[in-house]
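Enquirer: Would you mind keeping the following structure in view while I ask a few things?
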Amino acid sequence: MTNLTIAKFGGTSVADHQAMLRCANIIKNDHSNRVVVVSASSGVTNYLVRLAQANVSSQEQAQLISNIKTIQLNISQHLENKAEINDEILTVLAGLTQLASAQAQQYNAQKTDAILACGEQMSSILFSDVLTSIGIASEYFDVREVMQTNSLYGKAVVDIEALKANCAANLQEKLINKVIVTQGFIGRDGLGHTTTLGRGGSDYSAALLAEALNADKLAIWTDVVGIFTTDPRITAQARAIPEISFGEAAEMATFGAKILHPATLIPAMRHNIPVFVGSSKEPEKGGTQIQQQVASNPTFRSIALRKEQTLVTVKSPAMLHASGFLAQVFSILAKHELSVDLITTSEISVALTFDNPAGSTQSLITNAVVKELEQLCEVSVEHGLSLVAVIGNNLHTTKGISRSIFDSIGDVNVRMICHGASANNFCFLVPEIEANSVVEQLHEALF
């Protein structure tokens with residue numbers, strides 16, 4: 001198809017019937033929207049996360065499922081076809097009840113993914129019928145028919161080539177006559193089990209489908225009017241950015257801007273697919289265009305903040321003039337499937353940062369990791385840190401960057417600095433208790 005847009009709606013955009021109706025009108029007003037990817041309705045995923053844990057009593061399970069049921073049936077009650085839709089929702093909830101009961105008896109990672117996937121299944125059933133209710137020919141489509149992954153439950157990896165082949169065989173022709181409504185976040189492995197791409201993976205799912213279907217545009221609809229110069233919850237001075245380059249947006253997503261999932265831009269960048277970010281509540285206000293080339297390239301574009309960072313410092317005199325030490329350190333980290341964010345080195349020590357995903361219940365740096373590293377070197381682990389990333393252009397060659405940044409934050413203790421590896425970011429760690437204040441001061445000074 002030509003002029004094909006993949007539209008993705010987040011949890012707040014499909015929170016209730018009124019929200020879904022606003023989104024349906026966005027689809028109706030632009031005929032290029034042929035594929036809609038939805039997240040779970042707002043609040044549902046949090047309930048599902050709790051249900052997926054092992055220590056949930058039968059009484060709490062019943063209450064959690066009742067809460068989910070209330071959210072979903074409050075939407076379906078507005079639909080003409082509500083009896084049939086309710087049957088479909090109740091079927092999903094019956095399966096969820098069985099999964100949660102089994103999970104409570106014996107925790108299983110595969111069951112966790114099956115539980116977490118229920119939210120997107122229900123919201124897509126509902127949204128397809130909302131589209132139908134305003135006269136749009138639509139069809140519910142189970143994304144697991146095309147989104148083939150490995151079996152790494154919780155953070156499954158998509159088989160890109162299989163996805164393209166599956167879309168060509170099972171999805172492409174459907175777009176001609178109907179708007180397809182499908183799920184973000186979930187896939188299926190070679191064993192037929194449901195998998196998830198990691199929390200926040202709905203944006204990534206939409207980007208992968210845009211790539212596989214050769215889309216002309218990816219539109220991500222959320223609850224804010226585009227990408228801001230920083231988190232508006234930190235400072236009221238934050239303002240929307242009309243346009244931003246792929247490189248800048250990738251840095252923002254990687255270093256904490258919650259408007260985009262970090263992996264979202266990779267498929268878009270591979271195939272040069274422009275990405276639009278806007279508010280489903282106020283579509284008339286426009287949003288942010290993300291593309292390869294932009295009209296302006298300011299030194300400072302935005303400030304991102306990522307909390308719950310862990311700093312690990314490894315130290316050994318054996319490093320001095322020796323080869324292979326870092327290889328050994330990274331071999332241990334790879335064994336434990338740990339990804340390093342930032343790194344700085346001195347003659348006998350290396351400092352590494354790790355991101356603890358929001359909502360995680362334990363540090364990524366476990367005692368097992370520390371003990372294995374201690375066989376090689378001294379190890380210190382620090383928590384309670386936040387990563388501040390100043391995003392812009394030519395930061396590695398522009399004179400006076402450090403002075404502009406650090407003069408504005410006074411006597412805050414900066415724990416680590418990373419500069420020069422990228423033209424688009426200048427990163428440093430600060431104590432988490434001071435992070436919001438640092439961002440607010442920086443924003444006032446730079447913007």
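Going by the structure tokens order, chains are called A, B, ..., each with residues numbered from 1, while ligands are numbered from 1 in the order shown.
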Could you make a table, as CSV, of the residues of region 157-218 of chain A that have an atom within 8 Å of an atom of region 102-112 of chain A, each with its nearest atom pair and distance in Å to one decimal, counting only C-alpha atoms, in chain and number order?
Expert:
```
residue,atom,partner,partner_atom,distance
A:His193,CA,A:Gln110,CA,7.3
A:Thr194,CA,A:Gln110,CA,7.4
A:Thr195,CA,A:Gln110,CA,7.2
```
Enquirer: Selected residues, N, CA and C atoms, written as a CSV table (one decimal), in the first residue's frame, please.
Expert:
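Produced file selection_3.csv, reproduced below:
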```
chain,number,residue,atom,x,y,z
A,193,HIS,N,4.0,-20.4,22.6
A,193,HIS,CA,3.7,-19.7,23.8
A,193,HIS,C,3.7,-18.2,23.6
A,194,THR,N,2.9,-17.5,24.4
A,194,THR,CA,2.8,-16.1,24.3
A,194,THR,C,4.1,-15.5,25.0
A,195,THR,N,4.7,-14.5,24.3
A,195,THR,CA,5.8,-13.8,24.9
A,195,THR,C,5.5,-12.3,25.0
```
Enquirer: Quick one: residues within 8 Å of Val412 (chain A), only C-alpha atoms counted, chain neighbours fewer than 2 positions away excluded, as a list in words?
Expert: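 Counting only the stated atoms, we get Ile409, Gly410, Val414, Val430, Glu434 and Val438 of chain A.
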Enquirer: Could the residues of region 74-180 of chain A that have an atom at most 12 Å from region 36-57 of chain A be listed as a tab-separated table, each with its closest atom pair and the distance in Å to one decimal, counting only C-alpha atoms and ordered by chain and ascending residue number?
Expert:
```
residue	atom	partner	partner_atom	distance
A:Asn74	CA	A:Ser41	CA	11.3
A:Ile75	CA	A:Ser41	CA	9.9
A:Leu93	CA	A:Leu48	CA	11.1
A:Leu96	CA	A:Leu51	CA	9.0
A:Thr97	CA	A:Leu51	CA	9.2
A:Gln98	CA	A:Leu51	CA	11.1
A:Leu99	CA	A:Ala52	CA	8.5
A:Ala100	CA	A:Leu51	CA	5.9
A:Ser101	CA	A:Leu51	CA	8.9
A:Ala102	CA	A:Ala54	CA	9.3
A:Gln103	CA	A:Ala54	CA	6.0
A:Ala104	CA	A:Ala54	CA	4.6
A:Gln105	CA	A:Ala54	CA	7.1
A:Gln106	CA	A:Ala54	CA	6.9
A:Tyr107	CA	A:Ala54	CA	5.4
A:Asn108	CA	A:Ala54	CA	8.7
A:Ala109	CA	A:Ala52	CA	8.9
A:Gln110	CA	A:Ala52	CA	10.2
A:Lys111	CA	A:Ala52	CA	7.6
A:Thr112	CA	A:Ala52	CA	5.2
A:Asp113	CA	A:Ala52	CA	8.3
A:Ala114	CA	A:Ala52	CA	9.1
A:Ile115	CA	A:Ala52	CA	6.3
A:Leu116	CA	A:Leu48	CA	5.5
A:Ala117	CA	A:Ala40	CA	8.5
A:Cys118	CA	A:Leu48	CA	8.0
A:Gly119	CA	A:Ala40	CA	4.5
A:Glu120	CA	A:Ala40	CA	4.4
A:Gln121	CA	A:Ala40	CA	7.7
A:Met122	CA	A:Ala40	CA	7.4
A:Ser123	CA	A:Ala40	CA	5.6
A:Ser124	CA	A:Val38	CA	6.2
A:Ile125	CA	A:Val38	CA	10.0
A:Leu126	CA	A:Ser41	CA	10.0
A:Phe127	CA	A:Val38	CA	8.3
A:Ser128	CA	A:Val36	CA	9.0
A:Leu131	CA	A:Val36	CA	10.5
A:Ser138	CA	A:Val36	CA	9.8
A:Glu139	CA	A:Val36	CA	10.1
A:Tyr140	CA	A:Val36	CA	9.7
A:Phe141	CA	A:Val36	CA	9.9
A:Asp142	CA	A:Val37	CA	10.7
A:Val143	CA	A:Val37	CA	9.2
A:Gly154	CA	A:Val49	CA	11.5
A:Leu175	CA	A:Val36	CA	10.8
A:Lys178	CA	A:Val36	CA	10.9
A:Val179	CA	A:Val36	CA	7.3
A:Ile180	CA	A:Val36	CA	6.0
```
Enquirer: Take the residues just selected and output them with N, CA and C atoms as a CSV table (one decimal), in the first residue's frame.
Expert:
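Result went into out-v7.csv, see below:
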```
chain,number,residue,atom,x,y,z
A,74,ASN,N,-16.9,-1.4,31.6
A,74,ASN,CA,-17.3,0.0,31.6
A,74,ASN,C,-17.1,0.6,30.2
A,75,ILE,N,-16.3,0.0,29.4
A,75,ILE,CA,-16.1,0.5,28.0
A,75,ILE,C,-17.2,-0.2,27.2
A,93,LEU,N,-10.9,-13.2,30.4
A,93,LEU,CA,-10.7,-13.1,31.9
A,93,LEU,C,-10.8,-14.5,32.5
A,96,LEU,N,-7.4,-15.8,32.1
A,96,LEU,CA,-6.5,-15.1,33.0
A,96,LEU,C,-6.7,-15.7,34.4
A,97,THR,N,-7.9,-16.0,34.8
A,97,THR,CA,-8.1,-16.6,36.2
A,97,THR,C,-7.4,-17.9,36.3
A,98,GLN,N,-7.4,-18.7,35.3
A,98,GLN,CA,-6.7,-20.0,35.3
A,98,GLN,C,-5.2,-19.8,35.4
A,99,LEU,N,-4.7,-18.9,34.6
A,99,LEU,CA,-3.3,-18.6,34.6
A,99,LEU,C,-2.8,-18.1,36.0
A,100,ALA,N,-3.6,-17.2,36.6
A,100,ALA,CA,-3.2,-16.6,37.8
A,100,ALA,C,-3.2,-17.6,39.0
A,101,SER,N,-4.2,-18.5,38.9
A,101,SER,CA,-4.3,-19.6,39.9
A,101,SER,C,-3.1,-20.5,39.8
A,102,ALA,N,-2.7,-20.9,38.6
A,102,ALA,CA,-1.5,-21.8,38.4
A,102,ALA,C,-0.2,-21.1,38.8
A,103,GLN,N,-0.2,-19.8,38.6
A,103,GLN,CA,1.0,-19.0,38.9
A,103,GLN,C,1.2,-18.9,40.4
A,104,ALA,N,0.1,-18.8,41.1
A,104,ALA,CA,0.2,-18.7,42.6
A,104,ALA,C,0.7,-19.9,43.2
A,105,GLN,N,0.4,-21.1,42.6
A,105,GLN,CA,0.9,-22.3,43.1
A,105,GLN,C,2.4,-22.6,42.8
A,106,GLN,N,2.8,-22.2,41.5
A,106,GLN,CA,4.2,-22.3,41.1
A,106,GLN,C,4.5,-21.3,40.1
A,107,TYR,N,5.4,-20.4,40.5
A,107,TYR,CA,5.8,-19.3,39.6
A,107,TYR,C,6.4,-19.8,38.3
A,108,ASN,N,6.1,-19.2,37.1
A,108,ASN,CA,6.6,-19.6,35.9
A,108,ASN,C,6.7,-18.4,34.9
A,109,ALA,N,7.9,-18.2,34.3
A,109,ALA,CA,8.1,-17.0,33.5
A,109,ALA,C,7.2,-17.0,32.3
A,110,GLN,N,7.0,-18.2,31.7
A,110,GLN,CA,6.1,-18.2,30.5
A,110,GLN,C,4.7,-17.8,30.9
A,111,LYS,N,4.2,-18.3,32.0
A,111,LYS,CA,2.8,-17.9,32.5
A,111,LYS,C,2.8,-16.4,32.7
A,112,THR,N,3.9,-15.8,33.2
A,112,THR,CA,3.9,-14.4,33.5
A,112,THR,C,3.6,-13.6,32.2
A,113,ASP,N,4.2,-14.0,31.1
A,113,ASP,CA,4.0,-13.3,29.8
A,113,ASP,C,2.6,-13.6,29.3
A,114,ALA,N,2.0,-14.7,29.5
A,114,ALA,CA,0.6,-15.0,29.1
A,114,ALA,C,-0.3,-14.2,29.9
A,115,ILE,N,0.0,-14.0,31.2
A,115,ILE,CA,-0.9,-13.1,32.0
A,115,ILE,C,-0.8,-11.6,31.6
A,116,LEU,N,0.4,-11.2,31.4
A,116,LEU,CA,0.6,-9.8,31.0
A,116,LEU,C,0.0,-9.4,29.7
A,117,ALA,N,-0.1,-10.4,28.8
A,117,ALA,CA,-0.6,-10.2,27.4
A,117,ALA,C,-2.1,-10.0,27.4
A,118,CYS,N,-2.8,-10.3,28.5
A,118,CYS,CA,-4.3,-10.3,28.5
A,118,CYS,C,-4.8,-8.8,28.3
A,119,GLY,N,-4.1,-7.9,28.8
A,119,GLY,CA,-4.6,-6.5,28.7
A,119,GLY,C,-4.7,-6.0,27.3
A,120,GLU,N,-3.7,-6.2,26.5
A,120,GLU,CA,-3.7,-5.8,25.1
A,120,GLU,C,-4.8,-6.6,24.3
A,121,GLN,N,-5.0,-7.8,24.7
A,121,GLN,CA,-6.0,-8.6,24.0
A,121,GLN,C,-7.4,-8.0,24.2
A,122,MET,N,-7.7,-7.6,25.4
A,122,MET,CA,-9.0,-7.0,25.7
A,122,MET,C,-9.2,-5.6,25.1
A,123,SER,N,-8.2,-4.8,25.2
A,123,SER,CA,-8.3,-3.4,24.7
A,123,SER,C,-8.4,-3.4,23.2
A,124,SER,N,-7.8,-4.3,22.5
A,124,SER,CA,-7.9,-4.4,21.0
A,124,SER,C,-9.3,-4.9,20.6
A,125,ILE,N,-9.8,-5.9,21.3
A,125,ILE,CA,-11.2,-6.3,21.1
A,125,ILE,C,-12.2,-5.1,21.2
A,126,LEU,N,-12.0,-4.4,22.2
A,126,LEU,CA,-12.9,-3.3,22.5
A,126,LEU,C,-12.7,-2.1,21.4
A,127,PHE,N,-11.5,-1.8,21.1
A,127,PHE,CA,-11.2,-0.7,20.2
A,127,PHE,C,-11.7,-1.0,18.8
A,128,SER,N,-11.6,-2.2,18.4
A,128,SER,CA,-12.1,-2.6,17.1
A,128,SER,C,-13.6,-2.4,17.0
A,131,LEU,N,-14.4,1.4,16.7
A,131,LEU,CA,-14.2,1.9,15.3
A,131,LEU,C,-15.5,1.5,14.5
A,138,SER,N,-13.6,-2.4,10.4
A,138,SER,CA,-12.3,-2.7,11.2
A,138,SER,C,-12.3,-4.2,11.5
A,139,GLU,N,-11.2,-4.7,11.8
A,139,GLU,CA,-11.0,-6.1,12.1
A,139,GLU,C,-10.0,-6.3,13.2
A,140,TYR,N,-10.4,-7.1,14.2
A,140,TYR,CA,-9.4,-7.5,15.3
A,140,TYR,C,-8.4,-8.5,14.7
A,141,PHE,N,-7.2,-8.3,15.0
A,141,PHE,CA,-6.1,-9.2,14.5
A,141,PHE,C,-5.2,-9.6,15.6
A,142,ASP,N,-4.9,-10.9,15.8
A,142,ASP,CA,-4.0,-11.3,16.8
A,142,ASP,C,-2.6,-11.2,16.3
A,143,VAL,N,-1.9,-10.2,16.9
A,143,VAL,CA,-0.5,-10.0,16.4
A,143,VAL,C,0.4,-11.1,16.5
A,154,GLY,N,9.6,-12.2,28.9
A,154,GLY,CA,9.8,-10.9,29.6
A,154,GLY,C,10.5,-9.9,28.8
A,175,LEU,N,-5.4,-5.0,4.8
A,175,LEU,CA,-5.4,-3.5,4.9
A,175,LEU,C,-6.1,-2.8,3.9
A,178,LYS,N,-10.0,-2.9,5.3
A,178,LYS,CA,-10.4,-2.7,6.7
A,178,LYS,C,-9.2,-2.1,7.4
A,179,VAL,N,-9.6,-1.4,8.5
A,179,VAL,CA,-8.6,-0.9,9.5
A,179,VAL,C,-8.3,-2.1,10.4
A,180,ILE,N,-7.1,-2.5,10.6
A,180,ILE,CA,-6.7,-3.6,11.4
A,180,ILE,C,-6.3,-3.1,12.8
```
Enquirer: Report the residues of region 149-342 of chain A whose backbone DSSP state falls under strand (DSSP E or B), written as an MDAnalysis selection string.
Expert: chainID A and resid 149 158 179:183 186:188 194:196 217:222 228 240 243:245 275:279 287:291 300:315
Enquirer: Do you know which residues are at most 12 Å from Glu161 (chain A) counting only C-alpha atoms, after dropping those on the same chain fewer than 5 positions away, and could you put them as a tab-separated table (two decimals) with N, CA and C atoms, in the first residue's frame?
Expert:
```tsv
chain	number	residue	atom	x	y	z
A	146	VAL	N	1.82	-12.96	13.52
A	146	VAL	CA	2.94	-12.45	12.72
A	146	VAL	C	4.19	-12.15	13.55
A	147	MET	N	4.01	-11.78	14.84
A	147	MET	CA	5.13	-11.34	15.68
A	147	MET	C	5.83	-12.54	16.29
A	148	GLN	N	6.72	-13.14	15.53
A	148	GLN	CA	7.44	-14.34	15.96
A	148	GLN	C	8.68	-13.94	16.76
A	149	THR	N	8.87	-14.57	17.94
A	149	THR	CA	9.99	-14.21	18.82
A	149	THR	C	10.73	-15.46	19.29
A	166	ASN	N	5.63	-13.03	7.52
A	166	ASN	CA	4.30	-13.28	8.08
A	166	ASN	C	3.32	-12.16	7.74
A	167	CYS	N	3.81	-10.91	7.76
A	167	CYS	CA	2.95	-9.78	7.41
A	167	CYS	C	2.53	-9.85	5.95
A	168	ALA	N	3.47	-10.22	5.10
A	168	ALA	CA	3.15	-10.34	3.67
A	168	ALA	C	2.11	-11.43	3.43
A	208	LEU	N	8.03	-1.96	14.57
A	208	LEU	CA	8.38	-3.18	13.83
A	208	LEU	C	7.34	-3.47	12.74
A	209	LEU	N	6.07	-3.27	13.05
A	209	LEU	CA	5.03	-3.48	12.04
A	209	LEU	C	5.14	-2.44	10.93
A	211	GLU	N	7.86	-1.09	9.86
A	211	GLU	CA	8.98	-1.54	9.04
A	211	GLU	C	8.58	-2.72	8.16
A	212	ALA	N	7.92	-3.70	8.76
A	212	ALA	CA	7.56	-4.92	8.03
A	212	ALA	C	6.56	-4.64	6.91
A	213	LEU	N	5.70	-3.64	7.11
A	213	LEU	CA	4.66	-3.32	6.12
A	213	LEU	C	5.06	-2.17	5.20
```
Enquirer: Can you list, as a ChimeraX atom specification, every residue of region 167-292 of chain A that DSSP puts in alpha helix (DSSP H)?
Expert: /A:167-170,201-212,246-254,265-270
Enquirer: Between CA of Gln291 (chain A) and CA of Val275 (chain A), what is the distance, to one decimal in Å?
Expert: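 Interatomic distance here is 6.5 Å.
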Enquirer: Just the residues within 12 Å of Phe276 (chain A), please, counting only C-alpha atoms, with nothing from its chain fewer than 2 positions along; format it as an NGL selection string.
Expert: :A and (5-8 or 203 or 207 or 216-222 or 225-227 or 241-246 or 249 or 259-260 or 264-265 or 268 or 273-274 or 278-280 or 283 or 286-291)
Enquirer: Neighbours of Asn3 (chain A) within 10 Å (only C-alpha atoms; same-chain residues fewer than 5 positions away dropped), as a list in words?
Expert: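 Near Asn3 (chain A), the qualifying residues are His31, Ser32, Asn33, Arg34, Asn214, Ala215, Asp216 and Lys217 of chain A.
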Enquirer: Would you save the residues of that selection, restricted to N, CA and C atoms, as a PDB file, in the first residue's frame?
Expert:
```pdb
ATOM      1  N   HIS A  31      -7.406   8.771   6.430  1.00  0.00           N
ATOM      2  CA  HIS A  31      -7.622   7.468   5.796  1.00  0.00           C
ATOM      3  C   HIS A  31      -6.337   6.677   5.589  1.00  0.00           C
ATOM      4  N   SER A  32      -5.177   7.305   5.840  1.00  0.00           N
ATOM      5  CA  SER A  32      -3.919   6.554   5.717  1.00  0.00           C
ATOM      6  C   SER A  32      -3.716   5.617   6.910  1.00  0.00           C
ATOM      7  N   ASN A  33      -4.468   5.843   7.999  1.00  0.00           N
ATOM      8  CA  ASN A  33      -4.372   4.974   9.179  1.00  0.00           C
ATOM      9  C   ASN A  33      -5.027   3.630   8.868  1.00  0.00           C
ATOM     10  N   ARG A  34      -4.212   2.602   8.643  1.00  0.00           N
ATOM     11  CA  ARG A  34      -4.755   1.295   8.280  1.00  0.00           C
ATOM     12  C   ARG A  34      -4.452   0.227   9.325  1.00  0.00           C
ATOM     13  N   ASN A 214       6.318  -1.722   5.306  1.00  0.00           N
ATOM     14  CA  ASN A 214       6.817  -0.607   4.486  1.00  0.00           C
ATOM     15  C   ASN A 214       5.926   0.633   4.630  1.00  0.00           C
ATOM     16  N   ALA A 215       5.591   0.976   5.846  1.00  0.00           N
ATOM     17  CA  ALA A 215       4.715   2.126   6.105  1.00  0.00           C
ATOM     18  C   ALA A 215       5.415   3.437   5.780  1.00  0.00           C
ATOM     19  N   ASP A 216       4.594   4.445   5.512  1.00  0.00           N
ATOM     20  CA  ASP A 216       5.119   5.778   5.219  1.00  0.00           C
ATOM     21  C   ASP A 216       5.266   6.616   6.480  1.00  0.00           C
ATOM     22  N   LYS A 217       4.588   6.198   7.560  1.00  0.00           N
ATOM     23  CA  LYS A 217       4.610   7.000   8.779  1.00  0.00           C
ATOM     24  C   LYS A 217       4.210   6.147   9.969  1.00  0.00           C
TER      25      LYS A 217
END
```
Enquirer: Counting only C-alpha atoms, what is within 8 Å of Ile348 (chain A), bar same-chain residues fewer than 3 positions away, as a PyMOL selection string?
Expert: chain A and resi 315-320+345
Enquirer: Do you have the CA of Ser151 (chain A)-CA of Asp189 (chain A) distance handy?
Expert: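 We find that CA of Ser151 (chain A) and CA of Asp189 (chain A) lie 5.5 Å from each other.
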Enquirer: Would you mind telling me which residue in A:Ala250, A:Ala435, A:Ser296, A:Asn425 lies nearest to Ile266 (chain A) when using only C-alpha atoms?
Expert: A:Ala250
Enquirer: For Ile89 (chain A), which of A:Gln72, A:Gln77, A:Asp16, A:Leu352 is the closest residue, counting only C-alpha atoms?
Expert: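 Among the listed residues, the smallest separation from Ile89 (chain A) belongs to A:Gln72.
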